[in-house]
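For reference, work.txt is printed below; it contains compact mmCIF, C-alpha atoms.
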```txt
# COMPACT_ATOMS: atom_id res chain seq x y z
CA MET A 1 111.73 115.54 144.67
CA LYS A 2 112.92 116.98 141.38
CA GLN A 3 110.51 119.02 139.33
CA ILE A 4 109.79 117.81 135.84
CA THR A 5 110.92 120.67 133.65
CA LYS A 6 110.80 119.12 130.22
CA THR A 7 107.80 118.78 127.93
CA LYS A 8 107.13 115.48 126.24
CA ASP A 9 108.68 116.75 122.99
CA GLU A 10 111.86 117.94 124.69
CA TYR A 11 112.11 114.63 126.47
CA GLN A 12 111.81 112.77 123.16
CA LYS A 13 114.62 114.93 121.76
CA VAL A 14 116.88 114.06 124.69
CA ILE A 15 116.18 110.36 124.15
CA LYS A 16 116.91 110.65 120.44
CA ASN A 17 120.19 112.50 120.93
CA ASN A 18 121.43 110.00 123.49
CA GLN A 19 120.44 106.95 121.49
CA SER A 20 123.50 104.87 120.64
CA THR A 21 124.34 104.03 117.04
CA LYS A 22 123.93 100.38 117.95
CA GLY A 23 120.42 101.07 119.25
CA LYS A 24 119.54 102.88 116.04
CA ILE A 25 120.80 100.02 113.89
CA THR A 26 118.79 97.53 115.95
CA ASN A 27 115.70 99.72 115.39
CA ILE A 28 116.27 99.71 111.63
CA ILE A 29 116.63 95.92 111.53
CA LYS A 30 113.49 95.44 113.62
CA ALA A 31 111.54 97.82 111.36
CA PHE A 32 112.81 96.01 108.26
CA PHE A 33 111.85 92.62 109.65
CA ILE A 34 108.38 93.51 110.95
CA GLY A 35 107.54 95.63 107.89
CA GLY A 36 108.70 92.85 105.59
CA LEU A 37 106.66 90.33 107.54
CA PHE A 38 103.45 92.38 107.22
CA CYS A 39 104.02 92.75 103.48
CA SER A 40 104.65 88.99 103.04
CA LEU A 41 101.44 88.33 104.93
CA GLY A 42 99.67 90.72 102.54
CA GLN A 43 101.25 88.86 99.64
CA SER A 44 100.01 85.49 100.94
CA LEU A 45 96.47 86.90 101.27
CA TRP A 46 96.77 88.20 97.71
CA TYR A 47 97.62 84.66 96.50
CA LEU A 48 94.81 83.25 98.64
CA PHE A 49 92.16 85.53 97.11
CA MET A 50 93.44 84.73 93.62
CA THR A 51 92.98 81.02 94.24
CA LEU A 52 89.39 81.94 95.21
CA ASN A 53 88.95 83.20 91.62
CA PHE A 54 89.17 86.93 92.26
CA SER A 55 90.93 88.97 89.56
CA GLN A 56 94.49 90.10 90.30
CA ASN A 57 93.35 93.67 91.06
CA ASP A 58 90.42 92.65 93.26
CA ALA A 59 92.58 90.14 95.12
CA GLY A 60 95.12 92.91 95.82
CA ALA A 61 92.40 95.21 97.17
CA LEU A 62 90.94 92.38 99.25
CA SER A 63 94.34 91.64 100.77
CA THR A 64 94.56 95.32 101.81
CA VAL A 65 91.05 95.21 103.30
CA THR A 66 91.87 92.02 105.22
CA MET A 67 95.08 93.57 106.56
CA ILE A 68 93.07 96.61 107.72
CA LEU A 69 90.66 94.30 109.55
CA LEU A 70 93.61 92.47 111.12
CA GLY A 71 95.23 95.73 112.24
CA SER A 72 91.95 96.97 113.72
CA LEU A 73 91.36 93.70 115.58
CA LEU A 74 94.90 93.51 116.96
CA THR A 75 94.48 97.09 118.18
CA GLY A 76 91.17 96.20 119.83
CA PHE A 77 92.80 93.31 121.68
CA GLY A 78 95.67 95.57 122.75
CA VAL A 79 98.25 93.50 120.87
CA TYR A 80 99.21 96.07 118.25
CA ASP A 81 100.78 98.36 120.83
CA GLU A 82 103.22 95.60 121.71
CA ILE A 83 104.06 94.99 118.05
CA GLY A 84 104.52 98.75 117.69
CA GLN A 85 106.94 98.88 120.60
CA PHE A 86 109.07 96.30 118.87
CA GLY A 87 108.63 97.11 115.20
CA GLY A 88 108.65 100.93 115.19
CA ALA A 89 108.17 102.18 111.63
CA GLY A 90 107.75 98.55 110.54
CA SER A 91 104.40 98.45 112.30
CA LEU A 92 103.50 102.05 111.47
CA ILE A 93 103.88 102.10 107.68
CA PRO A 94 101.87 99.00 106.64
CA VAL A 95 98.09 99.58 106.40
CA THR A 96 97.73 97.62 109.64
CA GLY A 97 99.46 100.61 111.26
CA PHE A 98 97.05 102.96 109.51
CA ALA A 99 94.17 100.90 110.94
CA ASN A 100 95.85 101.12 114.35
CA ALA A 101 96.06 104.90 113.98
CA VAL A 102 92.30 104.94 113.31
CA VAL A 103 91.19 102.58 116.08
CA ALA A 104 93.53 103.43 118.98
CA PRO A 105 92.62 107.14 119.34
CA ALA A 106 88.95 106.32 118.67
CA MET A 107 88.93 103.83 121.57
CA ASP A 108 90.65 106.33 123.84
CA GLY A 109 88.23 109.06 122.78
CA LYS A 110 85.14 107.01 123.55
CA GLN A 111 85.05 108.42 127.09
CA ASP A 112 84.25 111.84 125.60
CA GLY A 113 81.23 110.45 123.83
CA LEU A 114 80.48 108.71 120.57
CA ILE A 115 80.41 111.86 118.45
CA LEU A 116 82.89 114.31 119.94
CA GLY A 117 85.12 111.53 121.23
CA LEU A 118 85.14 108.45 119.04
CA GLY A 119 83.95 110.25 115.92
CA THR A 120 86.52 113.02 115.94
CA GLN A 121 89.47 111.04 117.27
CA MET A 122 89.20 108.40 114.54
CA PHE A 123 90.68 110.94 112.12
CA ASN A 124 93.48 112.10 114.36
CA VAL A 125 96.13 110.60 112.07
CA ALA A 126 93.94 109.25 109.28
CA GLY A 127 92.59 112.78 108.64
CA PRO A 128 95.86 114.38 107.58
CA VAL A 129 96.81 111.26 105.63
CA LEU A 130 93.56 111.33 103.65
CA VAL A 131 93.59 115.10 103.14
CA TYR A 132 97.09 115.11 101.69
CA ALA A 133 96.47 111.96 99.68
CA MET A 134 93.45 113.63 98.07
CA VAL A 135 95.17 116.97 97.51
CA SER A 136 98.23 115.40 95.93
CA ALA A 137 96.15 113.06 93.77
CA PHE A 138 94.01 116.02 92.67
CA LEU A 139 97.05 118.16 91.81
CA ILE A 140 98.67 115.39 89.81
CA GLY A 141 95.40 114.82 87.93
CA LEU A 142 95.13 118.57 87.25
CA LEU A 143 98.69 118.65 85.94
CA LYS A 144 98.00 115.69 83.65
CA LEU A 145 94.83 117.36 82.40
CA MET A 146 96.66 120.60 81.62
CA LEU A 147 99.50 118.78 79.90
CA GLY A 148 96.95 116.94 77.78
CA GLY A 149 96.49 113.67 79.60
CA MET B 1 102.37 91.15 91.29
CA GLY B 2 105.59 90.18 93.02
CA ASN B 3 106.40 87.19 95.17
CA TYR B 4 107.06 86.54 98.87
CA LEU B 5 110.74 87.47 98.65
CA SER B 6 110.34 90.72 96.71
CA ALA B 7 107.37 91.73 98.91
CA PHE B 8 109.38 91.07 102.07
CA LEU B 9 112.49 92.89 100.85
CA VAL B 10 110.82 95.94 99.33
CA GLY B 11 108.26 96.32 102.14
CA GLY B 12 110.99 95.87 104.72
CA LEU B 13 113.18 98.42 102.95
CA ILE B 14 110.42 101.06 102.96
CA CYS B 15 109.92 100.50 106.70
CA ALA B 16 113.67 100.58 107.40
CA ILE B 17 113.99 103.93 105.59
CA GLY B 18 110.98 105.17 107.57
CA GLN B 19 112.69 104.14 110.80
CA ILE B 20 115.88 106.01 109.83
CA PHE B 21 113.74 109.07 109.10
CA LEU B 22 111.99 108.89 112.50
CA ASP B 23 115.16 108.24 114.50
CA ASN B 24 117.18 111.06 112.96
CA THR B 25 114.67 113.87 112.62
CA ASN B 26 112.15 115.43 114.97
CA PHE B 27 109.23 114.58 112.73
CA LYS B 28 106.27 112.65 114.10
CA PRO B 29 104.83 109.39 112.73
CA ALA B 30 101.96 111.37 111.14
CA HIS B 31 104.52 113.36 109.11
CA LEU B 32 106.07 110.12 107.91
CA LEU B 33 102.71 108.68 106.83
CA VAL B 34 101.70 111.88 105.01
CA GLY B 35 105.12 112.02 103.32
CA LEU B 36 104.80 108.43 102.11
CA VAL B 37 101.29 109.00 100.77
CA VAL B 38 102.39 112.08 98.82
CA LEU B 39 105.41 110.15 97.53
CA GLY B 40 103.05 107.37 96.41
CA SER B 41 100.99 109.95 94.50
CA ILE B 42 104.01 111.47 92.79
CA LEU B 43 105.42 108.09 91.77
CA THR B 44 102.02 107.17 90.33
CA GLY B 45 101.91 110.47 88.43
CA PHE B 46 105.19 109.56 86.75
CA GLY B 47 103.92 106.05 86.01
CA LEU B 48 106.47 104.45 88.32
CA TYR B 49 104.16 102.80 90.87
CA GLU B 50 102.77 100.18 88.47
CA PRO B 51 106.19 98.67 87.65
CA LEU B 52 106.94 98.65 91.39
CA LYS B 53 103.70 96.71 91.96
CA GLU B 54 104.64 94.26 89.21
CA PHE B 55 107.96 93.65 90.93
CA ALA B 56 107.11 93.78 94.63
CA GLY B 57 103.35 93.15 94.87
CA ALA B 58 102.22 93.53 98.46
CA GLY B 59 105.62 95.06 99.26
CA VAL B 60 104.27 98.32 97.82
CA THR B 61 100.50 97.81 98.21
CA ILE B 62 100.59 97.19 101.97
CA PRO B 63 102.66 100.28 102.95
CA VAL B 64 100.48 103.42 103.24
CA SER B 65 102.09 104.90 100.13
CA SER B 66 99.55 102.72 98.30
CA PHE B 67 96.81 105.15 99.42
CA GLY B 68 98.58 107.82 97.38
CA ASN B 69 98.81 105.33 94.53
CA ILE B 70 95.16 104.26 94.41
CA LEU B 71 93.80 107.80 94.80
CA THR B 72 96.00 109.13 92.02
CA GLN B 73 95.21 106.12 89.83
CA GLY B 74 91.51 106.83 90.40
CA VAL B 75 91.93 110.47 89.39
CA ILE B 76 93.93 109.57 86.28
CA GLU B 77 91.27 107.04 85.20
CA GLY B 78 88.58 109.58 86.08
CA ILE B 79 89.96 112.31 83.83
CA SER B 80 90.45 109.93 80.92
CA ASN B 81 86.80 108.85 81.20
CA GLU B 82 85.03 112.04 82.21
CA GLY B 83 87.51 114.88 81.71
CA ALA B 84 87.80 117.57 84.38
CA PHE B 85 84.85 116.25 86.40
CA GLY B 86 86.88 113.06 86.88
CA LEU B 87 89.24 115.03 89.13
CA PHE B 88 86.52 114.73 91.75
CA THR B 89 84.64 111.58 90.82
CA GLY B 90 87.85 109.57 90.43
CA LEU B 91 89.39 110.53 93.77
CA LEU B 92 87.75 107.88 95.90
CA LYS B 93 86.75 105.39 93.24
CA THR B 94 89.58 102.88 93.46
CA ALA B 95 90.42 103.97 97.00
CA SER B 96 86.95 103.27 98.36
CA ALA B 97 87.79 99.69 99.43
CA GLY B 98 90.70 100.70 101.65
CA ILE B 99 89.20 103.89 103.05
CA GLY B 100 85.75 102.36 103.52
CA ALA B 101 87.22 99.34 105.31
CA SER B 102 89.34 101.54 107.60
CA ILE B 103 86.37 103.63 108.67
CA ILE B 104 83.82 100.84 109.01
CA PHE B 105 86.08 98.31 110.78
CA GLY B 106 87.62 101.13 112.82
CA PHE B 107 84.26 102.36 114.02
CA PHE B 108 82.90 99.00 115.12
CA ILE B 109 86.09 97.83 116.75
CA ALA B 110 86.53 101.12 118.63
CA LEU B 111 82.91 100.76 119.72
CA LEU B 112 83.24 97.17 120.95
CA PHE B 113 86.69 97.26 122.56
CA SER B 114 88.08 99.46 125.28
CA PRO B 115 91.70 100.44 125.81
CA LYS B 116 93.68 98.26 128.20
CA ALA B 117 93.94 99.84 131.63
```
Could I get this structure in the form of structure tokens?
Amino acid sequence: MKQITKTKDEYQKVIKNNQSTKGKITNIIKAFFIGGLFCSLGQSLWYLFMTLNFSQNDAGALSTVTMILLGSLLTGFGVYDEIGQFGGAGSLIPVTGFANAVVAPAMDGKQDGLILGLGTQMFNVAGPVLVYAMVSAFLIGLLKLMLGG
Amino acid sequence: MGNYLSAFLVGGLICAIGQIFLDNTNFKPAHLLVGLVVLGSILTGFGLYEPLKEFAGAGVTIPVSSFGNILTQGVIEGISNEGAFGLFTGLLKTASAGIGASIIFGFFIALLFSPKA
């Protein structure tokens, strides 16, 4: 039996380097299609909330919240993984993917307890995203303040 | 606020570019998400995210770059209302819906469901 000599990262590199151009193009098309589909779904929820008499801004925020709920639920039912296998970045970039990145590690971490497992793992990916969102928003605000608004 | 076609095309385009980035570099998905959020902030700082929203609607509010957009928008509104203190009070004001929903839904769903064996 051969010994496994490569780490997960090295293995990923080997896969990437051997990926055919055709395979890469297929991945791009899949990502485009799935990502576009999630955004159209968000758009239809936006219209839906506007017909329910919410303002344009509130309806937009509500469509985001609903998409987050959808992403969390699909992750809970184990469906989002399958979408992710197919859609790649198309299932990663929409907020449903952000919700998936919150729920999936939290579910896995539950075995280590509700605080040190679920509680810490929830922010595995969401943590860096929120930290850098806040830092960049702060810096841009600071710049605007210094330049006189 | 866009329409179905512009949302599909712009949202799809952002994801396609993300896929090219992931397939041709050694960066991880978390790098991609952070990069998009920072990009969303910068575009908002230059006043470019609003016209994008007008054109593509959910095509730019559903991708995570919108987190960068709403946080920065909150800060900009904060400083125009409260000055320097707004740098802190504005941060999570408009973003609270998305971040609150992620944490609350995420917690309960992670609590109720278990990973597939």
If we count all atoms listed in the file, what is near Val131 in chain A at a cut-off of 12 Å, once residues fewer than 3 positions away on the same chain are taken out, given as an MDAnalysis selection string? (chainID A and resid 123:128 134:138) or (chainID B and resid 33:35 37:38 67:68 71 91:92)
Nearest to chain A, chosen from B:Phe46, B:Leu5, B:Glu54, B:Gly12, with only C-alpha atoms counted in the distances: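 Result for the nearest residue to chain A: B:Gly12.
Closest approach to chain A among B:Ser114, B:Ala95, B:Ser66, B:Phe21: B:Ser114, based on only C-alpha atoms.
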Distance table requested - chain A against chain B, cut-off 7 Å, only C-alpha atoms: one row per qualifying residue with the closest atom pair and its distance in Å to one decimal, ordered by chain and rising residue number, as CSV.
```
residue,atom,partner,partner_atom,distance
A:Lys16,CA,B:Asp23,CA,6.6
A:Ile28,CA,B:Ala16,CA,5.0
A:Ile29,CA,B:Ala16,CA,6.9
A:Ala31,CA,B:Ala16,CA,5.3
A:Phe32,CA,B:Gly12,CA,4.0
A:Phe33,CA,B:Gly12,CA,6.0
A:Gly35,CA,B:Gly12,CA,4.7
A:Gly36,CA,B:Gly12,CA,3.9
A:Leu37,CA,B:Phe8,CA,6.2
A:Cys39,CA,B:Gly59,CA,5.1
A:Ser40,CA,B:Phe8,CA,5.3
A:Gly42,CA,B:Ala58,CA,5.6
A:Gln43,CA,B:Ala58,CA,4.9
A:Ala61,CA,B:Ala97,CA,6.8
A:Thr64,CA,B:Ile62,CA,6.3
A:Val65,CA,B:Gly98,CA,5.7
A:Ile68,CA,B:Ser102,CA,6.2
A:Leu69,CA,B:Phe105,CA,6.2
A:Ser72,CA,B:Gly106,CA,6.1
A:Leu73,CA,B:Ile109,CA,6.8
A:Gly76,CA,B:Phe113,CA,5.4
A:Gly78,CA,B:Lys116,CA,6.4
A:Gly88,CA,B:Gln19,CA,6.8
A:Ala89,CA,B:Gln19,CA,5.0
A:Gly90,CA,B:Cys15,CA,4.8
A:Ile93,CA,B:Pro63,CA,5.2
A:Pro94,CA,B:Pro63,CA,4.0
A:Val95,CA,B:Val64,CA,5.5
A:Ala99,CA,B:Ser102,CA,5.9
A:Val102,CA,B:Gly106,CA,6.1
A:Val103,CA,B:Gly106,CA,5.0
A:Ala106,CA,B:Ala110,CA,5.7
A:Met107,CA,B:Ala110,CA,4.7
A:Asp108,CA,B:Pro115,CA,6.3
A:Val125,CA,B:Ala30,CA,6.0
A:Pro128,CA,B:Val34,CA,6.9
A:Val129,CA,B:Val34,CA,5.0
A:Tyr132,CA,B:Val34,CA,6.5
A:Ala133,CA,B:Gly68,CA,5.2
A:Met134,CA,B:Leu91,CA,6.7
A:Ser136,CA,B:Val38,CA,6.1
A:Ala137,CA,B:Thr72,CA,4.3
A:Phe138,CA,B:Leu87,CA,6.0
A:Ile140,CA,B:Gly45,CA,6.1
A:Gly141,CA,B:Ile76,CA,5.7
```
Atom pair CA of Ser55 in chain A / CA of Glu82 in chain B: separation (Å):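 These atoms are spaced 24.9 Å apart.
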